[in-house]
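Visitor: See coords.txt below, with compact mmCIF, C-alpha atoms.
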```
# COMPACT_ATOMS: atom_id res chain seq x y z
CA MET A 1 -81.78 -1.40 35.11
CA TYR A 2 -83.21 -4.62 33.96
CA ILE A 3 -80.99 -6.69 36.14
CA PHE A 4 -82.04 -4.63 39.14
CA LYS A 5 -85.65 -5.34 38.30
CA VAL A 6 -84.95 -9.04 38.02
CA SER A 7 -83.28 -9.27 41.36
CA CYS A 8 -85.96 -7.30 43.20
CA THR A 9 -89.23 -8.53 41.80
CA LEU A 10 -90.63 -11.83 40.85
CA VAL A 11 -90.89 -12.21 37.11
CA ASN A 12 -92.21 -14.74 34.77
CA ARG A 13 -89.20 -16.91 33.97
CA PRO A 14 -89.90 -17.66 30.27
CA SER A 15 -90.54 -13.99 29.48
CA ALA A 16 -87.33 -13.03 31.27
CA LEU A 17 -85.38 -15.55 29.21
CA ASP A 18 -87.00 -14.20 26.08
CA ASN A 19 -85.92 -10.69 27.00
CA PHE A 20 -82.35 -11.85 27.66
CA ALA A 21 -82.24 -13.52 24.28
CA LEU A 22 -83.46 -10.26 22.72
CA LEU A 23 -80.78 -8.34 24.61
CA SER A 24 -77.97 -10.60 23.50
CA GLY A 25 -79.15 -10.38 19.90
CA GLN A 26 -79.18 -6.58 20.03
CA LEU A 27 -75.74 -6.47 21.65
CA ASN A 28 -74.43 -8.63 18.90
CA SER A 29 -75.82 -6.41 16.18
CA LEU A 30 -74.46 -3.32 17.98
CA LYS A 31 -71.03 -4.95 18.09
CA GLN A 32 -71.20 -5.65 14.39
CA LEU A 33 -72.19 -2.07 13.67
CA LEU A 34 -69.27 -0.83 15.72
CA LYS A 35 -66.89 -3.13 13.86
CA GLY A 36 -67.96 -1.73 10.52
CA ASP A 37 -66.50 1.51 9.11
CA LYS A 38 -69.89 3.16 8.70
CA MET A 39 -70.17 4.19 12.30
CA PRO A 40 -67.46 6.83 12.89
CA PRO A 41 -69.50 8.92 15.32
CA LEU A 42 -69.62 6.02 17.71
CA ARG A 43 -65.89 5.40 17.41
CA ASN A 44 -64.86 8.98 18.04
CA TYR A 45 -64.77 8.95 21.76
CA VAL A 46 -62.95 11.30 24.03
CA LEU A 47 -60.09 9.89 26.04
CA PHE A 48 -59.44 11.03 29.54
CA PRO A 49 -57.32 9.32 32.14
CA VAL A 50 -59.29 7.75 34.92
CA LEU A 51 -56.39 6.26 36.75
CA LEU A 52 -52.72 7.16 36.81
CA SER A 53 -50.47 4.41 37.93
CA GLN A 54 -46.72 3.84 38.12
CA ASP A 55 -47.16 0.12 37.67
CA ALA A 56 -46.47 -1.38 34.27
CA ASP A 57 -49.64 -2.28 32.39
CA PRO A 58 -49.09 -5.22 30.01
CA HIS A 59 -52.39 -4.57 28.24
CA LEU A 60 -51.48 -0.95 27.52
CA GLU A 61 -48.04 -2.02 26.41
CA LYS A 62 -49.56 -4.45 23.94
CA LEU A 63 -52.05 -1.88 22.64
CA THR A 64 -49.33 0.70 22.00
CA GLU A 65 -46.93 -1.86 20.53
CA GLY A 66 -44.47 -1.39 23.35
CA ARG A 67 -44.32 2.42 23.23
CA VAL A 68 -46.13 3.12 26.52
CA MET A 69 -45.40 0.90 29.49
CA SER A 70 -47.69 2.50 32.03
CA CYS A 71 -50.18 5.34 32.22
CA ASN A 72 -48.21 7.53 34.62
CA HIS A 73 -47.89 11.22 35.51
CA ASP A 74 -44.88 11.68 33.33
CA LEU A 75 -46.49 10.58 30.08
CA VAL A 76 -50.08 11.66 30.30
CA PRO A 77 -49.54 15.44 29.84
CA ASP A 78 -47.57 14.77 26.66
CA TYR A 79 -50.03 12.30 25.21
CA LEU A 80 -53.15 14.26 25.98
CA ARG A 81 -51.79 17.68 25.02
CA THR A 82 -54.01 19.64 22.66
CA LYS A 83 -52.03 22.90 22.68
CA PRO A 84 -48.27 23.61 22.42
CA GLU A 85 -46.45 24.60 25.56
CA PRO A 86 -46.93 28.24 26.58
CA GLU A 87 -43.33 29.27 25.70
CA VAL A 88 -43.61 27.69 22.28
CA GLU A 89 -46.94 29.34 21.71
CA GLU A 90 -45.39 32.68 22.62
CA LYS A 91 -42.57 32.19 20.16
CA ILE A 92 -44.94 31.22 17.38
CA GLN A 93 -47.02 34.27 18.16
CA THR A 94 -44.07 36.67 17.89
CA LEU A 95 -42.91 35.05 14.66
CA SER A 96 -46.30 35.24 13.03
CA ASN A 97 -46.58 38.88 14.14
CA LYS A 98 -43.24 39.63 12.54
CA ALA A 99 -44.25 37.85 9.35
CA ALA A 100 -47.43 39.89 9.20
CA THR A 101 -45.52 43.20 9.37
CA ILE A 102 -43.24 42.38 6.41
CA SER A 103 -44.48 43.71 3.09
CA THR A 104 -45.21 41.34 0.22
CA GLU A 105 -42.37 42.90 -1.81
CA THR A 106 -39.67 42.11 0.71
CA ASN A 107 -41.38 38.82 1.23
CA THR A 108 -40.91 37.72 -2.37
CA LYS A 109 -37.38 39.14 -2.38
CA GLN A 110 -36.41 37.07 0.62
CA LEU A 111 -38.10 34.03 -0.82
CA ASN A 112 -36.16 34.40 -4.07
CA SER A 113 -32.83 34.84 -2.32
CA LEU A 114 -33.57 31.80 -0.17
CA ASN A 115 -34.35 29.77 -3.27
CA LYS A 116 -31.15 30.96 -4.91
CA ILE A 117 -29.04 30.03 -1.90
CA THR A 118 -30.68 26.63 -1.69
CA SER A 119 -30.11 25.85 -5.36
CA ASN A 120 -26.49 27.00 -5.10
CA LEU A 121 -25.99 24.79 -2.12
CA LEU A 122 -27.53 21.90 -3.98
CA ASP A 123 -25.18 22.50 -6.93
CA ILE A 124 -22.16 22.53 -4.64
CA ILE A 125 -23.24 19.31 -2.99
CA ASN A 126 -23.90 17.62 -6.32
CA SER A 127 -20.55 18.66 -7.81
CA ALA A 128 -18.76 17.48 -4.68
CA LYS A 129 -20.56 14.19 -4.96
CA ASP A 130 -19.57 13.86 -8.64
CA GLU A 131 -15.97 14.63 -7.81
CA TRP A 132 -15.98 12.14 -5.02
CA GLU A 133 -17.43 9.42 -7.21
CA ASN A 134 -14.90 10.22 -9.95
CA ASP A 135 -12.11 9.94 -7.40
CA ALA A 136 -13.41 6.61 -6.26
CA SER A 137 -13.64 5.27 -9.81
CA GLN A 138 -10.17 6.59 -10.61
CA LYS A 139 -8.78 4.87 -7.58
CA GLY A 140 -10.46 1.69 -8.70
CA ALA A 141 -9.04 2.17 -12.18
CA GLN A 142 -5.38 2.62 -11.26
CA PRO A 143 -4.39 0.84 -8.09
CA GLN A 144 -0.93 0.30 -9.52
CA THR A 145 1.30 0.79 -6.53
CA SER A 146 3.60 -2.11 -7.22
CA LEU A 147 4.96 -3.86 -10.28
CA PRO A 148 5.45 -7.64 -10.39
CA GLN A 149 8.53 -7.17 -12.57
CA GLU A 150 10.14 -4.98 -9.93
CA THR A 151 9.42 -7.58 -7.28
CA THR A 152 11.10 -10.21 -9.42
CA ASN A 153 14.15 -7.98 -9.95
CA LEU A 154 14.50 -7.12 -6.29
CA VAL A 155 13.98 -10.62 -4.98
CA GLY A 156 16.40 -11.93 -7.58
CA ALA A 157 18.94 -9.36 -6.47
CA ILE A 158 18.82 -10.08 -2.77
CA THR A 159 18.59 -13.85 -3.02
CA LYS A 160 20.78 -14.65 -6.00
CA GLY A 161 22.58 -11.40 -6.67
CA LEU A 162 21.04 -11.08 -10.11
CA ARG A 163 21.94 -7.77 -11.80
CA LEU A 164 24.20 -6.95 -8.86
CA ARG A 165 27.33 -8.70 -10.02
CA ARG A 166 29.81 -6.52 -11.80
CA PRO A 167 31.44 -7.65 -15.00
CA ASP A 168 34.68 -6.30 -13.53
CA THR A 169 38.11 -7.82 -13.65
CA SER A 170 37.72 -8.91 -10.06
CA MET A 171 34.44 -10.57 -10.92
CA GLN A 172 35.63 -12.29 -14.06
CA GLN A 173 37.43 -14.92 -12.09
CA GLN A 174 34.17 -15.81 -10.44
CA GLN A 175 32.04 -15.56 -13.52
CA PRO A 176 32.50 -19.13 -14.66
CA GLY A 177 32.04 -20.28 -11.10
CA GLN A 178 28.66 -18.57 -10.85
CA MET A 179 27.52 -19.48 -14.29
CA ALA A 180 28.13 -23.15 -13.91
CA PRO A 181 25.82 -23.75 -10.94
CA SER A 182 23.07 -21.53 -12.26
CA SER A 183 23.03 -23.24 -15.64
CA GLN A 184 23.04 -26.61 -13.97
CA GLN A 185 20.17 -25.60 -11.79
CA SER A 186 18.01 -24.46 -14.62
CA GLN A 187 18.58 -27.38 -16.94
CA HIS A 188 19.52 -30.71 -15.51
CA PRO A 189 20.43 -32.75 -18.60
CA LYS A 190 24.19 -32.77 -19.00
CA PRO A 191 25.80 -31.44 -22.19
CA GLY A 192 26.66 -34.99 -23.25
CA GLY A 193 23.00 -35.95 -23.31
CA ILE A 194 21.99 -33.30 -25.84
CA GLY A 195 22.62 -35.61 -28.79
CA LYS A 196 20.19 -38.15 -27.47
CA VAL A 197 17.38 -35.76 -26.73
CA PRO A 198 15.98 -35.41 -30.29
CA SER A 199 15.88 -39.15 -30.81
CA THR A 200 13.77 -39.76 -27.71
CA ILE A 201 11.39 -37.02 -28.78
CA LYS A 202 11.07 -38.61 -32.24
CA THR A 203 10.19 -42.01 -30.85
CA ASN A 204 7.73 -40.39 -28.51
CA ILE A 205 5.92 -38.75 -31.39
CA LYS A 206 5.84 -41.97 -33.37
CA ALA A 207 4.54 -43.93 -30.45
CA ALA A 208 1.90 -41.33 -29.78
CA GLY A 209 0.81 -41.29 -33.40
CA SER A 210 0.38 -45.05 -33.60
CA SER A 211 -1.39 -45.45 -30.31
CA HIS A 212 -4.00 -42.78 -31.01
CA PRO A 213 -5.19 -43.35 -34.58
CA TYR A 214 -8.47 -41.50 -34.08
CA GLN A 215 -7.04 -38.16 -33.09
CA ARG A 216 -6.57 -36.88 -36.61
CA MET B 1 33.49 -34.95 10.01
CA GLU B 2 29.99 -35.73 8.86
CA SER B 3 28.82 -36.83 12.29
CA SER B 4 30.22 -33.75 13.96
CA GLY B 5 28.35 -31.64 11.43
CA THR B 6 25.05 -33.29 12.16
CA SER B 7 25.53 -33.04 15.90
CA PHE B 8 26.29 -29.35 15.42
CA ASN B 9 23.11 -29.00 13.43
CA ALA B 10 21.15 -30.81 16.12
CA ALA B 11 22.61 -28.51 18.76
CA MET B 12 21.72 -25.44 16.72
CA ARG B 13 18.19 -26.66 16.28
CA SER B 14 17.68 -27.06 19.98
CA VAL B 15 19.32 -23.76 20.89
CA ALA B 16 18.19 -21.20 18.36
CA PRO B 17 15.13 -20.67 16.20
CA HIS B 18 16.28 -21.16 12.68
CA GLN B 19 13.29 -21.35 10.39
CA GLU B 20 12.38 -18.21 8.54
CA PHE B 21 8.81 -17.74 7.38
CA LEU B 22 8.85 -15.23 4.59
CA LEU B 23 6.55 -13.18 2.36
CA GLN B 24 7.89 -10.78 -0.24
CA GLY B 25 6.59 -7.94 -2.36
CA SER B 26 7.55 -4.54 -3.67
CA ILE B 27 6.18 -1.00 -3.76
CA LEU B 28 6.91 1.80 -6.18
CA ASP B 29 8.87 4.66 -4.62
CA ALA B 30 6.02 7.10 -5.27
CA HIS B 31 3.67 5.14 -3.04
CA CYS B 32 6.18 4.22 -0.37
CA GLU B 33 5.05 7.01 1.95
CA VAL B 34 1.52 5.66 1.99
CA LEU B 35 2.78 2.21 2.84
CA LEU B 36 4.98 3.51 5.64
CA HIS B 37 2.04 5.39 7.05
CA ARG B 38 -0.11 2.31 7.01
CA LEU B 39 2.60 0.13 8.50
CA ARG B 40 3.09 2.65 11.26
CA GLY B 41 -0.56 2.31 12.12
CA LEU B 42 -0.60 -1.45 11.94
CA CYS B 43 2.59 -2.26 13.80
CA ASP B 44 3.76 -1.89 17.37
CA ASN B 45 5.16 1.39 18.64
CA ALA B 46 2.83 3.43 16.46
CA ASP B 47 3.73 6.54 18.44
CA CYS B 48 7.41 6.49 17.49
CA ASN B 49 8.94 7.24 14.14
CA PRO B 50 9.76 4.10 12.17
CA GLU B 51 13.21 2.77 12.79
CA GLN B 52 15.57 3.30 9.88
CA PHE B 53 18.47 1.20 8.80
CA SER B 54 21.27 1.33 6.29
CA ASP B 55 23.07 -1.97 5.82
CA TYR B 56 25.88 -3.11 3.61
CA GLU B 57 25.63 -6.73 2.59
CA ALA B 58 28.39 -8.74 0.96
CA VAL B 59 27.67 -12.25 -0.24
CA TYR B 60 30.52 -14.75 -0.23
CA GLN B 61 30.55 -17.92 -2.20
CA LEU B 62 32.41 -21.16 -1.77
CA LYS B 63 32.37 -23.69 -4.57
CA ASN B 64 31.89 -27.18 -3.31
CA ASN B 65 33.72 -29.55 -5.63
CA LEU B 66 33.29 -32.63 -3.48
CA SER B 67 29.56 -32.45 -3.09
CA THR B 68 27.32 -34.50 -5.31
CA GLN B 69 24.34 -32.48 -4.16
CA GLN B 70 22.33 -30.23 -6.42
CA SER B 71 23.68 -26.96 -5.10
CA GLN B 72 27.34 -26.85 -5.90
CA TYR B 73 28.11 -23.74 -3.98
CA ILE B 74 27.42 -22.30 -0.59
CA LEU B 75 26.64 -18.66 0.14
CA PHE B 76 27.33 -16.71 3.30
CA ARG B 77 26.04 -13.22 3.76
CA ILE B 78 27.92 -10.61 5.75
CA ARG B 79 25.96 -7.63 6.97
CA GLN B 80 27.31 -4.43 8.40
CA ALA B 81 25.26 -1.54 9.75
CA LEU B 82 26.52 1.59 8.03
CA ASP B 83 24.68 3.92 10.37
CA HIS B 84 25.87 2.23 13.57
CA ALA B 85 29.61 1.79 13.35
CA ASP B 86 29.84 0.11 16.76
CA ALA B 87 27.17 -2.52 16.03
CA PRO B 88 28.51 -6.03 15.48
CA TRP B 89 28.67 -7.44 12.01
CA HIS B 90 26.40 -10.31 11.13
CA ILE B 91 26.99 -13.47 9.23
CA ARG B 92 23.92 -15.16 7.82
CA TYR B 93 23.21 -18.39 6.07
CA LEU B 94 19.96 -18.78 4.14
CA GLY B 95 18.68 -22.11 2.89
CA GLN B 96 16.71 -22.84 -0.23
CA ALA B 97 13.21 -21.35 0.13
CA GLU B 98 10.49 -23.97 0.05
CA VAL B 99 7.16 -23.04 -1.44
CA GLY B 100 5.26 -25.98 -0.02
CA ASP B 101 1.61 -26.63 -0.78
CA LYS B 102 -1.49 -24.48 -0.61
CA ASN B 103 -1.92 -25.06 3.12
CA ARG B 104 1.29 -23.26 3.80
CA HIS B 105 0.92 -19.52 3.43
CA THR B 106 4.56 -18.51 3.45
CA LEU B 107 7.94 -19.47 2.13
CA VAL B 108 10.01 -21.40 4.61
CA ARG B 109 13.77 -21.48 4.62
CA ALA B 110 16.55 -22.19 6.99
CA CYS B 111 18.04 -19.06 8.46
CA TYR B 112 21.04 -18.81 10.73
CA ASP B 113 21.96 -15.30 11.70
CA VAL B 114 24.88 -14.81 14.05
CA ALA B 115 26.68 -11.70 15.22
CA CYS B 116 30.42 -11.75 14.59
CA SER B 117 33.51 -9.58 14.66
CA SER B 118 34.47 -7.22 11.89
CA ASN B 119 37.33 -9.38 10.61
CA VAL B 120 34.88 -12.00 9.37
CA ARG B 121 35.64 -11.10 5.75
CA GLU B 122 39.30 -11.98 6.10
CA PHE B 123 38.29 -15.16 7.84
CA LEU B 124 36.02 -16.19 4.98
CA ASN B 125 38.71 -15.31 2.45
CA GLU B 126 41.13 -17.54 4.33
CA LEU B 127 38.59 -20.34 4.15
CA GLY B 128 38.48 -20.00 0.37
CA PHE B 129 35.32 -17.96 0.01
CA LYS B 130 35.15 -15.43 -2.81
CA LEU B 131 33.07 -12.26 -2.90
CA ASP B 132 30.11 -12.95 -5.15
CA HIS B 133 28.17 -9.71 -5.03
CA GLU B 134 27.44 -6.83 -2.70
CA TYR B 135 24.75 -4.23 -2.17
CA VAL B 136 23.42 -1.67 0.23
CA ALA B 137 19.93 -1.93 1.66
CA ARG B 138 18.38 1.19 3.14
CA GLY B 139 14.95 1.52 4.57
CA TYR B 140 12.59 1.14 7.45
CA PHE B 141 12.03 -1.54 10.02
CA PHE B 142 8.75 -2.36 11.78
CA HIS B 143 7.66 -5.12 14.07
CA LYS B 144 4.33 -6.44 15.20
CA GLY B 145 4.67 -9.08 17.84
CA ARG B 146 7.31 -11.40 16.48
CA MET B 147 6.61 -10.44 12.88
CA LYS B 148 9.26 -8.28 11.27
CA VAL B 149 8.53 -5.97 8.36
CA THR B 150 11.26 -4.29 6.36
CA VAL B 151 10.74 -1.78 3.57
CA SER B 152 14.06 -1.23 1.90
CA LYS B 153 15.66 0.10 -1.21
CA ILE B 154 18.45 -1.86 -2.82
CA TYR B 155 21.48 0.04 -4.09
CA ARG B 156 24.21 -1.13 -6.41
CA LEU B 157 27.78 -0.21 -5.52
CA LEU B 158 29.38 1.63 -8.41
CA GLN B 159 32.85 1.02 -6.99
CA PRO B 160 33.65 -2.23 -5.23
CA GLY B 161 33.48 -1.90 -1.46
CA LYS B 162 32.63 1.80 -1.47
CA THR B 163 29.40 2.66 0.28
CA ASP B 164 29.45 6.46 0.08
CA GLN B 165 26.24 8.12 -0.97
CA ASN B 166 27.63 9.24 -4.35
CA THR B 167 28.87 5.80 -5.31
CA LEU B 168 25.51 4.16 -4.79
CA GLU B 169 22.98 3.64 -7.53
CA PRO B 170 19.40 2.58 -6.85
CA MET B 171 18.67 -0.71 -8.53
CA THR B 172 14.99 -0.16 -9.32
CA GLN B 173 12.23 2.38 -8.83
CA SER B 174 10.74 0.27 -6.08
CA HIS B 175 11.29 -0.65 -2.47
CA ILE B 176 11.29 -4.30 -1.54
CA VAL B 177 8.89 -5.24 1.25
CA GLU B 178 9.58 -8.32 3.34
CA LEU B 179 7.47 -9.79 6.12
CA SER B 180 9.30 -12.45 8.08
CA VAL B 181 9.40 -14.38 11.31
CA VAL B 182 12.27 -16.52 12.49
CA ALA B 183 10.81 -19.29 14.62
CA PRO B 184 11.70 -22.74 15.86
CA LEU B 185 10.92 -25.72 13.67
CA GLY B 186 7.31 -26.72 13.20
CA GLN B 187 5.50 -23.56 14.20
CA ASP B 188 3.40 -23.41 11.08
CA SER B 189 0.58 -21.48 12.76
CA ILE B 190 2.60 -18.31 12.40
CA GLY B 191 1.79 -18.49 8.69
CA ASP B 192 -1.84 -17.64 9.43
CA ASP B 193 -0.88 -14.50 11.33
CA MET B 194 1.39 -13.46 8.51
CA ARG B 195 -1.26 -14.01 5.88
CA ASN B 196 -3.74 -11.94 7.87
CA PHE B 197 -1.22 -9.16 8.14
CA ALA B 198 -0.44 -9.31 4.44
CA GLU B 199 -4.16 -9.06 3.68
CA GLN B 200 -4.26 -5.73 5.45
CA LEU B 201 -1.61 -4.29 3.15
CA LYS B 202 -3.55 -5.11 0.02
CA PRO B 203 -3.96 -3.65 -2.54
CA LEU B 204 -1.02 -1.37 -1.78
CA VAL B 205 1.49 -4.19 -1.67
CA LEU B 206 0.97 -7.73 -2.74
CA LEU B 207 2.94 -9.78 -0.27
CA GLU B 208 3.22 -13.29 -1.63
CA LYS B 209 5.31 -16.39 -1.29
CA PHE B 210 7.56 -15.59 -4.17
CA ASP B 211 8.78 -18.79 -5.74
CA HIS B 212 12.54 -18.39 -6.05
CA ARG B 213 12.60 -21.04 -8.75
CA ARG B 214 10.83 -18.50 -10.97
CA LEU B 215 13.99 -16.41 -10.96
CA PRO B 216 16.06 -16.61 -14.11
```
Would you kindly transcribe this structure into structure tokens?
Guide:
Amino acid sequence: MYIFKVSCTLVNRPSALDNFALLSGQLNSLKQLLKGDKMPPLRNYVLFPVLLSQDADPHLEKLTEGRVMSCNHDLVPDYLRTKPEPEVEEKIQTLSNKAATISTETNTKQLNSLNKITSNLLDIINSAKDEWENDASQKGAQPQTSLPQETTNLVGAITKGLRLRRPDTSMQQQQPGQMAPSSQQSQHPKPGGIGKVPSTIKTNIKAAGSSHPYQR
Amino acid sequence: MESSGTSFNAAMRSVAPHQEFLLQGSILDAHCEVLLHRLRGLCDNADCNPEQFSDYEAVYQLKNNLSTQQSQYILFRIRQALDHADAPWHIRYLGQAEVGDKNRHTLVRACYDVACSSNVREFLNELGFKLDHEYVARGYFFHKGRMKVTVSKIYRLLQPGKTDQNTLEPMTQSHIVELSVVAPLGQDSIGDDMRNFAEQLKPLVLLEKFDHRRLP
């Protein structure tokens, strides 16, 4: 209105500037009022679509955090709906009619039985859960599907024939033959050296004792 | 004599893969079904039933008086398929299993496995070999790529040389599980595949590089 006036008639320039300053001040205060929470009536505005468009609207997308890309014919009916669809409304109507015809007595009866069924179901689920957790803990407790000792026995049997040889007559001829290599494998010092072994140990102990006087 | 031996070895090396990468473990009989089921899922040919085998193995020993080496005897293993009478017999030589360091995930040993005729036992006897021990291994065979998995039960022979069902006695209450690959020299990457496979069988079976020096 004012702008129209300005463009059509000659006005006093300083007074016009004054008025503009007044306007901007009032706009500012209005903006502040709108920002505050004390002005709900002004914020409750009715939304109606002015323009439907298939093109993507980046501003709208930003406003709706990416949920609505464009204000198109497909979305608007869903977003602006204030009533359920007619079929749904019909269904709700028949159900509420049916509910109204049932007496309070049968009502409470049905409610009780429903509660009972629900609690039973809950019990079953809980017990199943307990069982399942027990199973899991039991499995964790006894995973014994193999024994190290058995592995040792079996590997010994198939690689060295341990516990497979028979103390038969036929085997006795071989017995010394087998024993000799196995004993030599396990302990390398020859029988003749046994006499010397203690003496070396003795000197070792003595040497150790003298070289570390602070250990005892 | 010595030079011909080394040239033979060199020829073998170039012709046939001869290094066996090996992991061993055991499973109690009660849990064997579960393991077989899992292996069937993990290995090739999941749609077929696992291949079964029943082998008689006789281990022959020759004492080596001339050698100044640590091992004073040499073992040769003769294998005969009890369930396939027409299959050739096998003669096998296994070297000492090396544990290696942490970077190596499997045992490594020399392995020469050659098919032969059924009179191999007489031949070995003529050479001066003596029967050291014998057993029957029965079980299941799986393969995944070039990895071989055997789950087998070891039976003692109650009477020498007799492999009838009623003269066999199970050695332990467990099956031995072996995962192996026979590959040319220097293919250490196969160890990674084997370790990954072994991981998938945990905690049912603990496949490990079983140090044969731990055997009594």
Visitor: Can you build me a table of chain A residues sitting at most 6 Å from chain B, with the closest atom pair per residue and its distance in Å to one decimal, using only C-alpha atoms, sorted by chain and residue number, as JSON lines?
Guide:
```
{"residue": "A:Thr145", "atom": "CA", "partner": "B:Leu204", "partner_atom": "CA", "distance": 5.7}
{"residue": "A:Ser146", "atom": "CA", "partner": "B:Ile27", "partner_atom": "CA", "distance": 4.5}
{"residue": "A:Thr151", "atom": "CA", "partner": "B:Ser26", "partner_atom": "CA", "distance": 5.1}
{"residue": "A:Arg165", "atom": "CA", "partner": "B:His133", "partner_atom": "CA", "distance": 5.2}
```
Visitor: Write out as a ChimeraX atom specification the residues lying within 8 Å of stretch 79-88 of chain B, counting only C-alpha atoms and excluding same-chain residues fewer than 2 positions away.
Guide: /B:53-58,77,90-92,115-118
Visitor: So that I can check the surroundings of B:Gln52, please list as a ChimeraX atom specification every protein, DNA and RNA residue that reaches within 7 Å of it, counting all atoms listed in the file and ignoring chain neighbours fewer than 3 positions away.
Guide: /B:139-141
Visitor: So how many Å separate atom CA of B:Val151 and atom CA of B:Leu179, to one decimal?
Guide: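 Those two atoms sit 9.0 Å apart.
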Visitor: One number please: atom CA of B:Leu39 to atom CA of B:Lys202, in Å, one decimal.
Guide: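 Taking atom CA of B:Leu39 as the start and atom CA of B:Lys202 as the end point, the length is 11.7 Å.
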Visitor: I'd like the interatomic distance between atom CA of B:Arg40 and atom CA of A:Asn153, to a tenth of an Å.
Guide: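 Here the two named atoms are 26.2 Å from each other.
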Visitor: Using all atoms listed in the file, find the one residue out of B:Asn196, B:Asn64, B:Thr106, B:Asn49 that sits nearest to B:Ser180.
Guide: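 Among the listed residues, B:Thr106 lies closest to B:Ser180.
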Visitor: Around all of stretch 136-145 of chain B's listed atoms, make the axis-aligned box with 5 Å on each side and tell me centre and edge lengths in Å to one decimal, as JSON.
Guide:
```
{"center_x": 13.9, "center_y": -3.8, "center_z": 9.0, "size_x": 29.1, "size_y": 20.6, "size_z": 27.6}
```
